[in-house]
Amino acid sequence: MNSDIDLINSLRDELNRHNYNYYVLSAPTISDYDFDMKMKKLQRLEALHPELDDPNSPTKRVGSDISNEFKQITHSYPMLSLANTYSNAEVTDFYMRIRKALGVDFLVDCELKYDGTSISLRYEDGRLVRAVTRGDGEKGDDVTENVRTISSIPLVLQGSGYPEVFEIRGEILMPWSVFNELNVERVENGLPPFANPRNAASGTLKLLNSKEVAKRKLDAYLYYFISDDEDYSSHYENLQKAKEWGFKISDASKRCSTLEEIFDYIQYWDDARRELPVATDGIVLKVDAVEQQHLLGFTSKTPRWAIAYKFQAERIATQLKSVSFQVGRMGTITPVANLEPVTLSGTVVKRASLHNADIIAGLDLHIGDSVYVEKGGEIIPKIVGVDEEARKSGVGERVHFISQCPECGAELKRMEGEAAHYCPNDTTCPPQIKGRIIHFASRKAMNINLGEENVNLFYELGMVKNVADLYSLNFQEIASLPRWGMQSAKRLAESLEQSKSVPFDRVLFALGIRYVGSTTAKKIASALQNIEAISSASYQTLMDIDEVGEVIANSVMEFFANEQNRDIVNRLKEAGLQFAISQADEQASNNLEGLSIVISGTFERYSRDELKQLIEAHGGKNVSSISSKTDYVLAGANMGPAKLEKANALGVKIISEADFIKMIE
Ligand code: IVH
């Protein structure tokens, strides 16, 4: 027992150090495999010792399924923002103002201005106890559970010399690479993409399920250590100390003693920031000496000792030629500005998104306007303004948002509280039909050998009007189409035949029900087993499924309330597609045949329901109470002491989640 405690403690220390090396220093000293093995060992030991549970254990980085509630917390020091400047002249003004106010020499720390969402972390005895968002500056949301999953934030500090209690503030960011990947996935699942990594980071931080947060791979830079203690007299030195305690502190910071050095810094990073893995939108200048900061003080909103210099987003003027309206697979209408081509940050821009009706109205756009196009944090360029002067010399018609679908003429709708208009005619509106067929055939769905171009061709020729028509195609006719031939037609026929054995959860995903992505489809399929149960499920039955909330439940019900959708599903069923979980999906192996297993406690990787399903899928039996007939107790964290005692008394073997995974693999 004693040695287990020591082992747990030393594994926790060791894993914390490896986390730091990997996520903060980007310099791992151990292979991923060895790291995983050590993590599994710690998980196993912790499962055996629920009495040693610790929210700051490195095993807690994976988050949990328990729904978070964000309590409001009052900040011990208000979280203020910074005054913004956009020109060298304003930076000079700031510098001169400080010089005049202080009347003595001073140093200015130059830092990058990270473009994410700010966070205040509180540490007590070297351990993270609370993480609070900025909120209104006075009060913020307690997002501690979500923040624990961010690998670059230390849960337990290294070294020594840190104050017993302190707060440190910084920015939570979603790296560009994660942001781009996430948006591809969201669009695939029929969800609107995030506009920029800042929105993605703040949206992620507010997710109710910390396990989901863990998957989003957020990062964090800290830039403000707060202390009234005299030992912490220089902002720059404070951050260097914080770095030794394990915080991620930017290496880009520089302590400057002249205005010239400050301008060199700004000029250098205005360009070099493009190479950074995370978004930045400017430079922050801070008076270094904490005593001088106190002398300068605060206005009601911002410190007088700091200022933000915002980078000018690259912007150029060009002419608006026309506006077109695109209809997406889910019917969402996107207004697009067609522009006189112009080069911006090295690429030719011909089109820019106008997002929605409110943006068009806000800009009071007219055809022929000279508009400013900007490439900011977003990938798609956007129109940020109109040259009012140029307009006076005469422009064309005012741009109005359309009221009818440009493709099918249906009256557009706008959901309450949503910015986008959409075409409700999901059964005969051409881009929606074509989009749905393309989605149905895609690799993650039915994996049918049929690209976008051919879907368009078949649709234009009247050969397919919905996904069910794919299974009654005339291959003689296809073979005679230009660029087809017998061989290609045969390949398509084979691919369609193969798609009939695609498992039910993917068929469900392929149907293209709004908000039902591949993971949700899996959850729904495994919970309700077949299409009859799903199409007739009540709101409550759907809500009871893991990861299904109000929006998804309503969307599923709406889909099956539509007669045309039900008809398509029936035809697909007749064609022979899988509309129920099959024995093969369920009976993954016989590895647990004849074994009876009791589940106890909470787990890292799977929910208890999932574990139950896995036991059954691998031929085992899940039983609720321990008896002499029980083969194993699958133990997670917080296993009850009475159960533990009983298992020991009866000599029933206790296994961890990691052991279990090994058994079924
Ligand atoms: S210092 C009292 N330093 O910018 C001063 N802020 O516009 C506290 N930000 O709310 C802030 N990088 O979210 C500081 N190096 C940096 C920063 C930074 C980004 C954000 C922060 C703040 C906002 C102000």
# chains A, B, ... in the order shown; residues from 1 in each chain; ligands from 1

$ residues_near_ligand --ligand "ligand 1" --cutoff "7 Å" --atoms "only C-alpha atoms and all ligand atoms" --output "PDB file with C-alpha atoms, in the first residue's frame"
ATOM      1  CA  MET A  79      -9.826  41.934 -15.322  1.00  0.00           C
ATOM      2  CA  LEU A  80      -9.327  45.093 -17.329  1.00  0.00           C
ATOM      3  CA  SER A  81      -8.723  45.523 -21.010  1.00  0.00           C
ATOM      4  CA  LEU A  82      -6.059  47.594 -22.721  1.00  0.00           C
ATOM      5  CA  ALA A  83      -6.250  50.917 -24.557  1.00  0.00           C
ATOM      6  CA  GLU A 111       5.051  41.327 -25.812  1.00  0.00           C
ATOM      7  CA  LEU A 112       2.917  39.738 -28.471  1.00  0.00           C
ATOM      8  CA  LYS A 113      -0.793  40.347 -28.156  1.00  0.00           C
ATOM      9  CA  TYR A 114      -2.312  36.901 -28.347  1.00  0.00           C
ATOM     10  CA  ASP A 115      -5.732  36.762 -29.982  1.00  0.00           C
ATOM     11  CA  GLY A 116      -7.698  34.239 -27.966  1.00  0.00           C
ATOM     12  CA  THR A 117      -9.806  34.402 -24.849  1.00  0.00           C
ATOM     13  CA  SER A 118      -8.400  35.608 -21.529  1.00  0.00           C
ATOM     14  CA  GLY A 170      -3.090  34.817 -19.861  1.00  0.00           C
ATOM     15  CA  GLU A 171      -4.728  33.865 -23.094  1.00  0.00           C
ATOM     16  CA  TYR A 223       1.393  37.192 -19.558  1.00  0.00           C
ATOM     17  CA  TYR A 224       0.439  38.790 -16.256  1.00  0.00           C
ATOM     18  CA  VAL A 284       1.400  44.908 -25.875  1.00  0.00           C
ATOM     19  CA  THR A 302      -7.567  50.254 -18.550  1.00  0.00           C
ATOM     20  CA  PRO A 303      -4.141  50.412 -16.911  1.00  0.00           C
ATOM     21  CA  ALA A 306       0.189  49.458 -20.618  1.00  0.00           C
ATOM     22  CA  ALA A 308      -1.910  47.609 -27.099  1.00  0.00           C
TER      23      ALA A 308
END

$ residues_around --residues "region 481-487 of chain A" --least-positions-apart "4" --cutoff "10 Å" --atoms "only C-alpha atoms" --output "list of chain:residue names"
A:Asn454, A:Leu457, A:Phe458, A:Phe475, A:Gln476, A:Glu477, A:Arg491, A:Leu492, A:Ala493

$ atom_distance --atom1 "CA of Ala588 (chain A)" --atom2 "CA of His439 (chain A)"
27.7 Å

$ atom_distance --atom1 "CA of Val187 (chain A)" --atom2 "CA of Asp358 (chain A)"
22.2 Å

$ closest_residue --among "A:Cys110, A:Leu528, A:Ala200, A:Ile597" --to "Ser257 (chain A)" --atoms "only C-alpha atoms"
A:Cys110

$ atom_distance --atom1 "CA of Asn447 (chain A)" --atom2 "CA of Ser555 (chain A)"
24.2 Å

$ closest_residue --among "A:Asn199, A:Asn189, A:Asn356, A:Ser57" --to "Leu128 (chain A)" --atoms "only C-alpha atoms"
A:Ser57

$ closest_residue --among "A:Ile513, A:Leu48, A:Leu644, A:Leu634" --to "Asn554 (chain A)" --atoms "only C-alpha atoms"
A:Ile513

$ residues_around --residues "region 325-327 of chain A" --least-positions-apart "5" --cutoff "9 Å" --atoms "only C-alpha atoms" --output "PyMOL selection string"
chain A and resi 332-337+401-402+405-407+422-423+431-432

$ write_last_selection --atoms "N, CA, C and O atoms" --output "tab-separated table (two decimals), in the first residue's frame"
chain	number	residue	atom	x	y	z
A	332	THR	N	-28.50	26.65	-46.21
A	332	THR	CA	-28.06	27.96	-45.72
A	332	THR	C	-27.66	28.86	-46.89
A	332	THR	O	-26.95	28.45	-47.80
A	333	ILE	N	-28.13	30.12	-46.83
A	333	ILE	CA	-27.83	31.07	-47.91
A	333	ILE	C	-26.61	31.90	-47.53
A	333	ILE	O	-26.59	32.53	-46.47
A	334	THR	N	-25.59	31.89	-48.39
A	334	THR	CA	-24.41	32.72	-48.13
A	334	THR	C	-24.28	33.77	-49.22
A	334	THR	O	-24.12	33.42	-50.40
A	335	PRO	N	-24.34	35.05	-48.86
A	335	PRO	CA	-24.13	36.08	-49.86
A	335	PRO	C	-22.63	36.23	-50.16
A	335	PRO	O	-21.82	36.23	-49.24
A	336	VAL	N	-22.30	36.30	-51.43
A	336	VAL	CA	-20.89	36.39	-51.82
A	336	VAL	C	-20.70	37.62	-52.71
A	336	VAL	O	-21.46	37.83	-53.66
A	337	ALA	N	-19.69	38.43	-52.38
A	337	ALA	CA	-19.40	39.61	-53.20
A	337	ALA	C	-18.46	39.22	-54.32
A	337	ALA	O	-17.44	38.58	-54.07
A	401	PHE	N	-30.89	41.94	-49.64
A	401	PHE	CA	-30.84	40.50	-49.41
A	401	PHE	C	-32.07	39.91	-50.08
A	401	PHE	O	-33.13	40.53	-50.11
A	402	ILE	N	-31.93	38.73	-50.64
A	402	ILE	CA	-33.05	38.13	-51.35
A	402	ILE	C	-34.11	37.59	-50.38
A	402	ILE	O	-33.80	37.30	-49.22
A	405	CYS	N	-35.42	31.80	-52.57
A	405	CYS	CA	-34.25	30.99	-52.90
A	405	CYS	C	-33.88	31.19	-54.37
A	405	CYS	O	-34.73	31.04	-55.24
A	406	PRO	N	-32.60	31.54	-54.65
A	406	PRO	CA	-32.21	31.79	-56.04
A	406	PRO	C	-32.24	30.52	-56.89
A	406	PRO	O	-32.21	30.58	-58.11
A	407	GLU	N	-32.31	29.37	-56.25
A	407	GLU	CA	-32.25	28.11	-57.00
A	407	GLU	C	-33.63	27.50	-57.21
A	407	GLU	O	-33.88	26.88	-58.24
A	422	TYR	N	-32.25	30.62	-44.56
A	422	TYR	CA	-32.10	29.34	-45.24
A	422	TYR	C	-33.33	29.01	-46.08
A	422	TYR	O	-34.42	29.54	-45.85
A	423	CYS	N	-33.11	28.14	-47.06
A	423	CYS	CA	-34.20	27.71	-47.93
A	423	CYS	C	-34.82	26.46	-47.31
A	423	CYS	O	-34.14	25.46	-47.11
A	431	PRO	N	-29.41	22.57	-55.32
A	431	PRO	CA	-28.12	22.44	-54.63
A	431	PRO	C	-28.22	21.64	-53.33
A	431	PRO	O	-27.26	20.98	-52.92
A	432	GLN	N	-29.40	21.66	-52.72
A	432	GLN	CA	-29.57	20.87	-51.49
A	432	GLN	C	-29.60	19.39	-51.83
A	432	GLN	O	-29.02	18.56	-51.14

$ select_by_dssp --residues "region 534-594 of chain A" --states "alpha helix (DSSP H)" --output "number ranges by chain"
A: 534-535, 539-543, 550-561, 563-575, 583-586

$ write_last_selection --atoms "N, CA and C atoms" --output "mmCIF file, in the first residue's frame"
data_model
loop_
_atom_site.group_PDB
_atom_site.id
_atom_site.type_symbol
_atom_site.label_atom_id
_atom_site.label_comp_id
_atom_site.auth_asym_id
_atom_site.auth_seq_id
_atom_site.Cartn_x
_atom_site.Cartn_y
_atom_site.Cartn_z
ATOM 1 N N ILE A 534 -35.604 4.632 -34.173
ATOM 2 C CA ILE A 534 -35.150 6.026 -34.270
ATOM 3 C C ILE A 534 -36.252 6.910 -34.859
ATOM 4 N N SER A 535 -36.890 6.409 -35.933
ATOM 5 C CA SER A 535 -37.877 7.261 -36.600
ATOM 6 C C SER A 535 -39.126 7.462 -35.744
ATOM 7 N N TYR A 539 -39.184 12.599 -28.102
ATOM 8 C CA TYR A 539 -38.193 13.625 -27.754
ATOM 9 C C TYR A 539 -37.362 13.159 -26.564
ATOM 10 N N GLN A 540 -38.017 12.626 -25.542
ATOM 11 C CA GLN A 540 -37.318 12.219 -24.336
ATOM 12 C C GLN A 540 -36.366 11.061 -24.599
ATOM 13 N N THR A 541 -36.839 10.088 -25.411
ATOM 14 C CA THR A 541 -35.966 8.941 -25.721
ATOM 15 C C THR A 541 -34.684 9.440 -26.380
ATOM 16 N N LEU A 542 -34.834 10.394 -27.295
ATOM 17 C CA LEU A 542 -33.650 10.915 -27.986
ATOM 18 C C LEU A 542 -32.761 11.691 -27.012
ATOM 19 N N MET A 543 -33.389 12.496 -26.168
ATOM 20 C CA MET A 543 -32.623 13.306 -25.209
ATOM 21 C C MET A 543 -31.832 12.439 -24.227
ATOM 22 N N GLU A 550 -31.155 19.108 -27.105
ATOM 23 C CA GLU A 550 -32.404 19.614 -27.664
ATOM 24 C C GLU A 550 -32.366 19.792 -29.191
ATOM 25 N N VAL A 551 -31.287 20.443 -29.656
ATOM 26 C CA VAL A 551 -31.198 20.780 -31.081
ATOM 27 C C VAL A 551 -31.178 19.514 -31.936
ATOM 28 N N ILE A 552 -30.367 18.544 -31.524
ATOM 29 C CA ILE A 552 -30.257 17.308 -32.296
ATOM 30 C C ILE A 552 -31.568 16.528 -32.220
ATOM 31 N N ALA A 553 -32.137 16.437 -31.011
ATOM 32 C CA ALA A 553 -33.380 15.676 -30.850
ATOM 33 C C ALA A 553 -34.474 16.246 -31.764
ATOM 34 N N ASN A 554 -34.607 17.568 -31.780
ATOM 35 C CA ASN A 554 -35.627 18.185 -32.644
ATOM 36 C C ASN A 554 -35.344 17.937 -34.112
ATOM 37 N N SER A 555 -34.073 18.011 -34.470
ATOM 38 C CA SER A 555 -33.711 17.835 -35.871
ATOM 39 C C SER A 555 -34.037 16.408 -36.349
ATOM 40 N N VAL A 556 -33.752 15.407 -35.488
ATOM 41 C CA VAL A 556 -34.044 14.014 -35.852
ATOM 42 C C VAL A 556 -35.560 13.843 -36.020
ATOM 43 N N MET A 557 -36.318 14.414 -35.087
ATOM 44 C CA MET A 557 -37.780 14.256 -35.158
ATOM 45 C C MET A 557 -38.339 14.926 -36.415
ATOM 46 N N GLU A 558 -37.798 16.097 -36.721
ATOM 47 C CA GLU A 558 -38.253 16.829 -37.912
ATOM 48 C C GLU A 558 -37.959 16.035 -39.186
ATOM 49 N N PHE A 559 -36.774 15.425 -39.212
ATOM 50 C CA PHE A 559 -36.386 14.655 -40.401
ATOM 51 C C PHE A 559 -37.388 13.531 -40.668
ATOM 52 N N PHE A 560 -37.738 12.800 -39.608
ATOM 53 C CA PHE A 560 -38.611 11.645 -39.823
ATOM 54 C C PHE A 560 -40.090 12.020 -39.904
ATOM 55 N N ALA A 561 -40.399 13.272 -39.558
ATOM 56 C CA ALA A 561 -41.790 13.708 -39.700
ATOM 57 C C ALA A 561 -42.080 14.001 -41.179
ATOM 58 N N GLU A 563 -42.599 13.235 -44.893
ATOM 59 C CA GLU A 563 -43.009 12.028 -45.609
ATOM 60 C C GLU A 563 -42.008 11.623 -46.692
ATOM 61 N N GLN A 564 -41.495 12.622 -47.366
ATOM 62 C CA GLN A 564 -40.542 12.327 -48.436
ATOM 63 C C GLN A 564 -39.283 11.635 -47.882
ATOM 64 N N ASN A 565 -38.810 12.104 -46.722
ATOM 65 C CA ASN A 565 -37.646 11.456 -46.111
ATOM 66 C C ASN A 565 -37.970 10.011 -45.741
ATOM 67 N N ARG A 566 -39.165 9.802 -45.203
ATOM 68 C CA ARG A 566 -39.550 8.434 -44.809
ATOM 69 C C ARG A 566 -39.605 7.540 -46.037
ATOM 70 N N ASP A 567 -40.088 8.116 -47.141
ATOM 71 C CA ASP A 567 -40.171 7.357 -48.382
ATOM 72 C C ASP A 567 -38.770 6.967 -48.884
ATOM 73 N N ILE A 568 -37.838 7.919 -48.797
ATOM 74 C CA ILE A 568 -36.460 7.635 -49.233
ATOM 75 C C ILE A 568 -35.859 6.523 -48.378
ATOM 76 N N VAL A 569 -36.074 6.617 -47.062
ATOM 77 C CA VAL A 569 -35.544 5.596 -46.156
ATOM 78 C C VAL A 569 -36.125 4.228 -46.515
ATOM 79 N N ASN A 570 -37.424 4.167 -46.811
ATOM 80 C CA ASN A 570 -38.047 2.890 -47.177
ATOM 81 C C ASN A 570 -37.448 2.321 -48.452
ATOM 82 N N ARG A 571 -37.226 3.190 -49.410
ATOM 83 C CA ARG A 571 -36.633 2.700 -50.673
ATOM 84 C C ARG A 571 -35.205 2.204 -50.450
ATOM 85 N N LEU A 572 -34.452 2.903 -49.576
ATOM 86 C CA LEU A 572 -33.076 2.459 -49.297
ATOM 87 C C LEU A 572 -33.100 1.106 -48.586
ATOM 88 N N LYS A 573 -34.104 0.938 -47.742
ATOM 89 C CA LYS A 573 -34.244 -0.321 -47.013
ATOM 90 C C LYS A 573 -34.517 -1.449 -48.014
ATOM 91 N N GLU A 574 -35.437 -1.166 -48.951
ATOM 92 C CA GLU A 574 -35.753 -2.175 -49.979
ATOM 93 C C GLU A 574 -34.536 -2.509 -50.829
ATOM 94 N N ALA A 575 -33.678 -1.488 -51.035
ATOM 95 C CA ALA A 575 -32.474 -1.720 -51.844
ATOM 96 C C ALA A 575 -31.477 -2.607 -51.102
ATOM 97 N N GLN A 583 -25.442 -8.145 -35.988
ATOM 98 C CA GLN A 583 -24.717 -9.009 -35.058
ATOM 99 C C GLN A 583 -23.226 -8.739 -35.197
ATOM 100 N N ALA A 584 -22.795 -8.562 -36.458
ATOM 101 C CA ALA A 584 -21.367 -8.371 -36.710
ATOM 102 C C ALA A 584 -20.863 -7.077 -36.075
ATOM 103 N N ASP A 585 -21.698 -6.003 -36.104
ATOM 104 C CA ASP A 585 -21.269 -4.736 -35.478
ATOM 105 C C ASP A 585 -21.162 -4.941 -33.983
ATOM 106 N N GLU A 586 -22.106 -5.691 -33.472
ATOM 107 C CA GLU A 586 -22.184 -5.824 -32.025
ATOM 108 C C GLU A 586 -21.211 -6.850 -31.479
#

$ closest_residue --among "A:Leu218, A:Leu157, A:Ile150, A:Ala527" --to "Glu244 (chain A)" --atoms "only C-alpha atoms"
A:Leu157

$ closest_residue --among "A:Val62, A:Leu577, A:Val287, A:Ala352" --to "Leu470 (chain A)" --atoms "only C-alpha atoms"
A:Leu577

$ closest_residue --among "A:Val652, A:Ala658, A:Ala521, A:Ala637" --to "Glu51 (chain A)" --atoms "only C-alpha atoms"
A:Ala637

$ residues_around --residues "Ala317 (chain A)" --least-positions-apart "6" --cutoff "8 Å" --atoms "only C-alpha atoms" --output "ChimeraX atom specification"
/A:370-373

$ select_by_dssp --residues "region 375-614 of chain A" --states "strand (DSSP E or B)" --output "list of chain:residue names"
A:Lys375, A:Lys382, A:Ile383, A:Val384, A:Gly385, A:Val386, A:Arg398, A:Gln404, A:Glu411, A:Lys413, A:Arg414, A:His421, A:Tyr422, A:Asn530, A:Ala580, A:Ser596, A:Ile597, A:Val598, A:Ile599, A:Ser600, A:Thr602
